[in-house]
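One file, final.cif, is given below (mmCIF, C-alpha atoms).
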data_upload
#
loop_
_atom_site.label_atom_id
_atom_site.label_comp_id
_atom_site.auth_asym_id
_atom_site.auth_seq_id
_atom_site.Cartn_x
_atom_site.Cartn_y
_atom_site.Cartn_z
CA MET N 1 0.00 0.00 0.00
CA THR N 2 1.30 3.43 -0.94
CA SER N 3 1.68 6.06 1.78
CA THR N 4 0.03 9.40 1.11
CA ILE N 5 0.77 12.77 2.68
CA GLY N 6 -2.04 15.35 2.52
CA ILE N 7 -1.53 19.11 2.70
CA VAL N 8 -4.20 21.83 2.77
CA VAL N 9 -3.20 25.24 1.40
CA ALA N 10 -5.48 28.27 1.30
CA LEU N 11 -4.20 30.06 -1.79
CA SER N 12 -2.56 29.17 -5.07
CA ALA N 13 0.37 31.47 -4.20
CA GLU N 14 1.08 29.35 -1.10
CA ALA N 15 0.97 26.19 -3.15
CA ARG N 16 3.36 27.65 -5.72
CA ALA N 17 5.77 28.76 -2.98
CA VAL N 18 5.86 25.28 -1.42
CA LEU N 19 5.51 23.03 -4.47
CA GLY N 20 6.42 25.12 -7.49
CA VAL N 21 4.29 25.33 -10.62
CA ARG N 22 2.30 22.12 -11.05
CA CYS N 23 -0.80 20.85 -12.81
CA TRP N 24 -4.02 21.03 -10.79
CA TYR N 25 -7.40 19.38 -11.38
CA GLN N 26 -10.92 19.70 -9.99
CA SER N 27 -12.27 17.00 -7.69
CA ASN N 28 -15.52 17.27 -5.72
CA GLY N 29 -15.41 21.06 -5.84
CA PHE N 30 -11.79 21.34 -4.73
CA ILE N 31 -8.64 22.14 -6.64
CA VAL N 32 -6.27 19.21 -6.13
CA GLN N 33 -2.77 18.16 -7.13
CA ARG N 34 -1.18 14.74 -6.74
CA LYS N 35 2.55 14.18 -7.04
CA HIS N 36 4.36 10.86 -6.83
CA LEU N 37 7.61 11.32 -4.87
CA GLU N 38 10.84 9.43 -5.51
CA ASP N 39 10.48 7.29 -2.37
CA GLY N 40 7.09 5.97 -3.54
CA THR N 41 5.01 8.29 -1.35
CA ASP N 42 2.16 10.29 -2.88
CA LEU N 43 1.80 13.98 -2.00
CA LEU N 44 -1.80 15.17 -2.24
CA THR N 45 -2.31 18.94 -2.01
CA ILE N 46 -5.71 20.64 -1.90
CA GLN N 47 -6.49 24.35 -2.20
CA SER N 48 -9.21 25.29 0.25
CA GLY N 49 -9.58 29.02 -0.13
CA VAL N 50 -9.54 31.45 2.77
CA GLY N 51 -11.43 30.79 6.00
CA PHE N 52 -11.84 28.19 8.70
CA ASP N 53 -14.91 26.56 7.16
CA ASN N 54 -13.19 26.10 3.78
CA THR N 55 -10.08 24.66 5.44
CA LEU N 56 -12.14 22.29 7.55
CA SER N 57 -14.06 21.06 4.49
CA ALA N 58 -10.81 20.47 2.59
CA ALA N 59 -9.24 18.61 5.52
CA LYS N 60 -12.30 16.39 5.83
CA TRP N 61 -12.08 15.63 2.11
CA LEU N 62 -8.43 14.58 2.56
CA VAL N 63 -9.23 12.26 5.45
CA ARG N 64 -12.21 10.54 3.83
#
Take the structure in the file and write it out as C-alpha cells.
Amino acid sequence: MTSTIGIVVALSAEARAVLGVRCWYQSNGFIVQRKHLEDGTDLLTIQSGVGFDNTLSAAKWLVR
C-alpha cells in the first residue's frame, strides 16, 4: 500500500511557494494536485480558499 501525505493550502500562491508550478485538477469542488515522490510516497495537495470553514471542508475531504 502506498503512503500518502495530505496538505491543505489556502491560496494558489502558497501552493506555488511550497511546491512550485504544477498541474491542478478539480475533484468534488476542490482544486487538487497529486505528485508521486521518488520514495514511492504520494503527495496530495488541496487548495481550500480562505477561512476556517473552507479549510475544515478540505481537511475532511483529505481524510475521507
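Note that the spacing between CA of Lys35 (chain N) and CA of Asn54 (chain N) amounts to 22.5 Å.
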Expansion of the PyMOL selection byres ((chain N and resi 17-29) around 12) into residues, as number ranges by chain: N: 7-9, 11-16, 30-35, 37, 43-49, 54, 57-58, 61-62
Could the residues in this selection be saved with C-alpha atoms as a PDB file, in the frame of the given file?
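Once everything was written out, this is selection-v8.pdb:
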ATOM      1  CA  ILE N   7      -1.530  19.110   2.700  1.00  0.00           C
ATOM      2  CA  VAL N   8      -4.200  21.830   2.770  1.00  0.00           C
ATOM      3  CA  VAL N   9      -3.200  25.240   1.400  1.00  0.00           C
ATOM      4  CA  LEU N  11      -4.200  30.060  -1.790  1.00  0.00           C
ATOM      5  CA  SER N  12      -2.560  29.170  -5.070  1.00  0.00           C
ATOM      6  CA  ALA N  13       0.370  31.470  -4.200  1.00  0.00           C
ATOM      7  CA  GLU N  14       1.080  29.350  -1.100  1.00  0.00           C
ATOM      8  CA  ALA N  15       0.970  26.190  -3.150  1.00  0.00           C
ATOM      9  CA  ARG N  16       3.360  27.650  -5.720  1.00  0.00           C
ATOM     10  CA  PHE N  30     -11.790  21.340  -4.730  1.00  0.00           C
ATOM     11  CA  ILE N  31      -8.640  22.140  -6.640  1.00  0.00           C
ATOM     12  CA  VAL N  32      -6.270  19.210  -6.130  1.00  0.00           C
ATOM     13  CA  GLN N  33      -2.770  18.160  -7.130  1.00  0.00           C
ATOM     14  CA  ARG N  34      -1.180  14.740  -6.740  1.00  0.00           C
ATOM     15  CA  LYS N  35       2.550  14.180  -7.040  1.00  0.00           C
ATOM     16  CA  LEU N  37       7.610  11.320  -4.870  1.00  0.00           C
ATOM     17  CA  LEU N  43       1.800  13.980  -2.000  1.00  0.00           C
ATOM     18  CA  LEU N  44      -1.800  15.170  -2.240  1.00  0.00           C
ATOM     19  CA  THR N  45      -2.310  18.940  -2.010  1.00  0.00           C
ATOM     20  CA  ILE N  46      -5.710  20.640  -1.900  1.00  0.00           C
ATOM     21  CA  GLN N  47      -6.490  24.350  -2.200  1.00  0.00           C
ATOM     22  CA  SER N  48      -9.210  25.290   0.250  1.00  0.00           C
ATOM     23  CA  GLY N  49      -9.580  29.020  -0.130  1.00  0.00           C
ATOM     24  CA  ASN N  54     -13.190  26.100   3.780  1.00  0.00           C
ATOM     25  CA  SER N  57     -14.060  21.060   4.490  1.00  0.00           C
ATOM     26  CA  ALA N  58     -10.810  20.470   2.590  1.00  0.00           C
ATOM     27  CA  TRP N  61     -12.080  15.630   2.110  1.00  0.00           C
ATOM     28  CA  LEU N  62      -8.430  14.580   2.560  1.00  0.00           C
TER      29      LEU N  62
END
Separation of CA of Asp39 (chain N) from CA of Ser3 (chain N) in Å: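 Those two atoms sit 9.8 Å apart.
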Interatomic distance, CA of Lys60 (chain N) to CA of His36 (chain N) (Å, one decimal): 21.6 Å
Once N, CA, C and O atoms are restored for region 2-19 of chain N, what would the output be as a PDB file, in the coordinates of the input?
ATOM      1  N   THR N   2       0.535   2.201  -0.828  1.00  0.00           N
ATOM      2  CA  THR N   2       1.300   3.430  -0.940  1.00  0.00           C
ATOM      3  C   THR N   2       0.933   4.399   0.172  1.00  0.00           C
ATOM      4  O   THR N   2      -0.243   4.591   0.469  1.00  0.00           O
ATOM      5  N   SER N   3       1.924   5.021   0.783  1.00  0.00           N
ATOM      6  CA  SER N   3       1.680   6.060   1.780  1.00  0.00           C
ATOM      7  C   SER N   3       1.335   7.350   1.078  1.00  0.00           C
ATOM      8  O   SER N   3       1.874   7.666   0.027  1.00  0.00           O
ATOM      9  N   THR N   4       0.435   8.119   1.680  1.00  0.00           N
ATOM     10  CA  THR N   4       0.030   9.400   1.110  1.00  0.00           C
ATOM     11  C   THR N   4       0.118  10.477   2.180  1.00  0.00           C
ATOM     12  O   THR N   4      -0.331  10.281   3.306  1.00  0.00           O
ATOM     13  N   ILE N   5       0.703  11.606   1.809  1.00  0.00           N
ATOM     14  CA  ILE N   5       0.770  12.770   2.680  1.00  0.00           C
ATOM     15  C   ILE N   5      -0.202  13.798   2.114  1.00  0.00           C
ATOM     16  O   ILE N   5      -0.178  14.099   0.919  1.00  0.00           O
ATOM     17  N   GLY N   6      -1.070  14.348   2.949  1.00  0.00           N
ATOM     18  CA  GLY N   6      -2.040  15.350   2.520  1.00  0.00           C
ATOM     19  C   GLY N   6      -1.724  16.703   3.103  1.00  0.00           C
ATOM     20  O   GLY N   6      -1.421  16.816   4.291  1.00  0.00           O
ATOM     21  N   ILE N   7      -1.795  17.740   2.271  1.00  0.00           N
ATOM     22  CA  ILE N   7      -1.530  19.110   2.700  1.00  0.00           C
ATOM     23  C   ILE N   7      -2.683  19.990   2.231  1.00  0.00           C
ATOM     24  O   ILE N   7      -3.096  19.913   1.081  1.00  0.00           O
ATOM     25  N   VAL N   8      -3.188  20.838   3.135  1.00  0.00           N
ATOM     26  CA  VAL N   8      -4.200  21.830   2.770  1.00  0.00           C
ATOM     27  C   VAL N   8      -3.510  23.181   2.686  1.00  0.00           C
ATOM     28  O   VAL N   8      -2.800  23.587   3.607  1.00  0.00           O
ATOM     29  N   VAL N   9      -3.696  23.871   1.560  1.00  0.00           N
ATOM     30  CA  VAL N   9      -3.200  25.240   1.400  1.00  0.00           C
ATOM     31  C   VAL N   9      -4.388  26.129   1.061  1.00  0.00           C
ATOM     32  O   VAL N   9      -5.329  25.691   0.409  1.00  0.00           O
ATOM     33  N   ALA N  10      -4.347  27.373   1.527  1.00  0.00           N
ATOM     34  CA  ALA N  10      -5.480  28.270   1.300  1.00  0.00           C
ATOM     35  C   ALA N  10      -5.453  28.865  -0.104  1.00  0.00           C
ATOM     36  O   ALA N  10      -6.478  28.938  -0.765  1.00  0.00           O
ATOM     37  N   LEU N  11      -4.300  29.291  -0.553  1.00  0.00           N
ATOM     38  CA  LEU N  11      -4.200  30.060  -1.790  1.00  0.00           C
ATOM     39  C   LEU N  11      -3.237  29.420  -2.781  1.00  0.00           C
ATOM     40  O   LEU N  11      -2.307  28.723  -2.388  1.00  0.00           O
ATOM     41  N   SER N  12      -3.445  29.709  -4.042  1.00  0.00           N
ATOM     42  CA  SER N  12      -2.560  29.170  -5.070  1.00  0.00           C
ATOM     43  C   SER N  12      -1.136  29.696  -4.917  1.00  0.00           C
ATOM     44  O   SER N  12      -0.182  28.991  -5.219  1.00  0.00           O
ATOM     45  N   ALA N  13      -0.974  30.919  -4.410  1.00  0.00           N
ATOM     46  CA  ALA N  13       0.370  31.470  -4.200  1.00  0.00           C
ATOM     47  C   ALA N  13       1.133  30.663  -3.150  1.00  0.00           C
ATOM     48  O   ALA N  13       2.337  30.442  -3.283  1.00  0.00           O
ATOM     49  N   GLU N  14       0.444  30.207  -2.117  1.00  0.00           N
ATOM     50  CA  GLU N  14       1.080  29.350  -1.100  1.00  0.00           C
ATOM     51  C   GLU N  14       1.506  28.023  -1.711  1.00  0.00           C
ATOM     52  O   GLU N  14       2.600  27.533  -1.438  1.00  0.00           O
ATOM     53  N   ALA N  15       0.649  27.467  -2.507  1.00  0.00           N
ATOM     54  CA  ALA N  15       0.970  26.190  -3.150  1.00  0.00           C
ATOM     55  C   ALA N  15       2.177  26.337  -4.062  1.00  0.00           C
ATOM     56  O   ALA N  15       3.067  25.490  -4.076  1.00  0.00           O
ATOM     57  N   ARG N  16       2.217  27.415  -4.830  1.00  0.00           N
ATOM     58  CA  ARG N  16       3.360  27.650  -5.720  1.00  0.00           C
ATOM     59  C   ARG N  16       4.650  27.830  -4.940  1.00  0.00           C
ATOM     60  O   ARG N  16       5.700  27.343  -5.334  1.00  0.00           O
ATOM     61  N   ALA N  17       4.581  28.532  -3.796  1.00  0.00           N
ATOM     62  CA  ALA N  17       5.770  28.760  -2.980  1.00  0.00           C
ATOM     63  C   ALA N  17       6.321  27.449  -2.410  1.00  0.00           C
ATOM     64  O   ALA N  17       7.531  27.256  -2.328  1.00  0.00           O
ATOM     65  N   VAL N  18       5.432  26.549  -2.033  1.00  0.00           N
ATOM     66  CA  VAL N  18       5.860  25.280  -1.420  1.00  0.00           C
ATOM     67  C   VAL N  18       6.210  24.235  -2.476  1.00  0.00           C
ATOM     68  O   VAL N  18       7.208  23.536  -2.353  1.00  0.00           O
ATOM     69  N   LEU N  19       5.403  24.133  -3.524  1.00  0.00           N
ATOM     70  CA  LEU N  19       5.510  23.030  -4.470  1.00  0.00           C
ATOM     71  C   LEU N  19       6.039  23.414  -5.838  1.00  0.00           C
ATOM     72  O   LEU N  19       6.371  22.550  -6.632  1.00  0.00           O
TER      73      LEU N  19
END
